[in-house]
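Q: Sharing a structure here in structure tokens format.
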Amino acid sequence: MRVLGVDPGTRFLGYGVIEVDGPTTRCLDWGTLEGGPSKAIGERLYRIQQGLGAVIERWRPDQMAIEEPFVAPQRGAKSGIVVGQAQAIALVLAAGAGMPVHRYAPSRVKSAVADYGAGTKQQVQQAVRLLLGLDETLTSEDASDALAVALCHLQQWRADERMRTARIS
């Protein structure tokens, strides 16, 4: 199974692709898509749509895991709306690819990978690196957040599989 994790944003959208084969999990790709310097939201969304579409076409993931927008009070509702627009691009691309989408709150993602729902970006980044056995440092917090979302989904998927197996027995 391949999972595409997405950390939505219009300036920077993080993505990460992991593959699961039995107990083995490996990272296939990660990166950051830039919406570009344009102030026009339509142009930034178009660039993100093109980039994420290429990632989906290249890796053909089976499922998408996406982080729900978090709006800090000091940033205002406008920030949440903009992130929601980037999330909508990812959701539309997933629907076009026939991919189920699973959504996770930021605190759930942090708890799943760093065992602490209020962990810092650096703690999440370090946990992702260790969990996936990555030698190199993840330079983009957006990419490490996307991989964290994918790992969070994997944890939930495995728990659901155990529950299904227990019910069948």
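Naming scheme: A, B, ... for chains in displayed order of the structure tokens; residues 1 onward per chain; ligands 1 onward as shown.
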What's the 10 Å shell around A:Tyr46, counting only C-alpha atoms, without same-chain residues fewer than 5 positions away, as a PyMOL selection string?
A: chain A and resi 10+35-36+41+51-52+86+89
Q: Got a sec: who's within 8 Å of A:Ala90, counting only C-alpha atoms, leaving out chain neighbours fewer than 3 positions off, as a PyMOL selection string?
A: chain A and resi 6+8+49+52+86-87+93-94
Q: Generate a file of the selected residues that holds all heavy atoms, formatted as a short mmCIF file (atom, residue, chain, number, x, y, z; two decimals), in the first residue's frame.
A:
data_model
loop_
_atom_site.label_atom_id
_atom_site.label_comp_id
_atom_site.auth_asym_id
_atom_site.auth_seq_id
_atom_site.Cartn_x
_atom_site.Cartn_y
_atom_site.Cartn_z
N VAL A 6 -0.12 14.74 2.96
CA VAL A 6 -0.15 16.11 2.48
C VAL A 6 -0.29 17.07 3.65
O VAL A 6 -1.16 16.90 4.51
CB VAL A 6 -1.32 16.33 1.48
CG1 VAL A 6 -1.41 17.79 1.05
CG2 VAL A 6 -1.18 15.42 0.28
N PRO A 8 -1.17 20.78 3.75
CA PRO A 8 -1.62 21.79 2.80
C PRO A 8 -1.17 23.21 3.15
O PRO A 8 -1.04 23.58 4.30
CB PRO A 8 -3.15 21.68 2.86
CG PRO A 8 -3.44 21.12 4.20
CD PRO A 8 -2.26 20.26 4.56
N GLN A 49 -1.58 22.60 -7.75
CA GLN A 49 -2.36 21.55 -8.42
C GLN A 49 -1.50 20.81 -9.44
O GLN A 49 -1.53 19.58 -9.51
CB GLN A 49 -3.60 22.17 -9.08
CG GLN A 49 -4.51 21.18 -9.75
CD GLN A 49 -4.31 21.13 -11.25
OE1 GLN A 49 -3.85 22.09 -11.87
NE2 GLN A 49 -4.65 20.02 -11.84
N LEU A 52 1.27 18.69 -7.37
CA LEU A 52 0.73 17.54 -6.65
C LEU A 52 0.17 16.51 -7.63
O LEU A 52 0.29 15.31 -7.41
CB LEU A 52 -0.33 17.99 -5.64
CG LEU A 52 -0.75 16.94 -4.63
CD1 LEU A 52 0.43 16.41 -3.82
CD2 LEU A 52 -1.81 17.51 -3.69
N ALA A 86 -6.05 25.20 -0.41
CA ALA A 86 -4.99 24.26 -0.82
C ALA A 86 -5.42 22.83 -0.51
O ALA A 86 -5.16 21.91 -1.30
CB ALA A 86 -3.68 24.59 -0.11
N GLN A 87 -6.09 22.64 0.61
CA GLN A 87 -6.59 21.31 0.95
C GLN A 87 -7.62 20.86 -0.09
O GLN A 87 -7.62 19.70 -0.50
CB GLN A 87 -7.23 21.33 2.35
CG GLN A 87 -7.68 19.97 2.81
CD GLN A 87 -8.44 20.02 4.11
OE1 GLN A 87 -9.34 20.85 4.28
NE2 GLN A 87 -8.09 19.15 5.04
N LEU A 93 -7.86 16.35 -6.46
CA LEU A 93 -6.91 15.46 -7.15
C LEU A 93 -7.09 14.01 -6.67
O LEU A 93 -7.03 13.08 -7.49
CB LEU A 93 -5.48 15.92 -6.92
CG LEU A 93 -5.06 17.18 -7.68
CD1 LEU A 93 -3.72 17.69 -7.17
CD2 LEU A 93 -5.02 16.92 -9.18
N ALA A 94 -7.31 13.82 -5.38
CA ALA A 94 -7.53 12.47 -4.85
C ALA A 94 -8.79 11.87 -5.45
O ALA A 94 -8.80 10.70 -5.85
CB ALA A 94 -7.61 12.51 -3.33
#
Q: Output as a ChimeraX atom specification all residues of chain A that backbone DSSP marks as helix (DSSP H, G or I).
A: /A:41-59,77-96,106-114,121-132,141-168
Q: Taking 4 positions as the minimum chain separation for residues in the same chain, which residues sit within 9 Å of stretch 54-71 of chain A when counting only C-alpha atoms? Answer as a PyMOL selection string.
A: chain A and resi 1-9+15+17-19+28-29+49-50+75-81+83-84+87+90-91+93-94+97-106+109+145-146+149-153
Q: So that I can check the secondary structure, give me every residue of stretch 66-143 of chain A assigned strand (DSSP E or B) by backbone DSSP, as a PyMOL selection string.
A: chain A and resi 66-67+101-104
Q: Please compute the atom CA of A:Gly96-atom CA of A:Ala159 distance, one decimal, in Å.
A: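 Distance reported for this atom pair: 27.5 Å.
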Q: Point out the residue among A:Thr25, A:Asp115, A:Leu13, A:Arg158 with the least atom-to-atom distance to A:Leu132, counting only C-alpha atoms.
A: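 Closest to A:Leu132 of all the choices is A:Thr25.
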Q: Just how far from atom CA of A:Ala148 is atom CA of A:Lys110, in Å to one decimal?
A: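 Atom-to-atom, atom CA of A:Lys110 and atom CA of A:Ala148 are spaced 7.5 Å apart.
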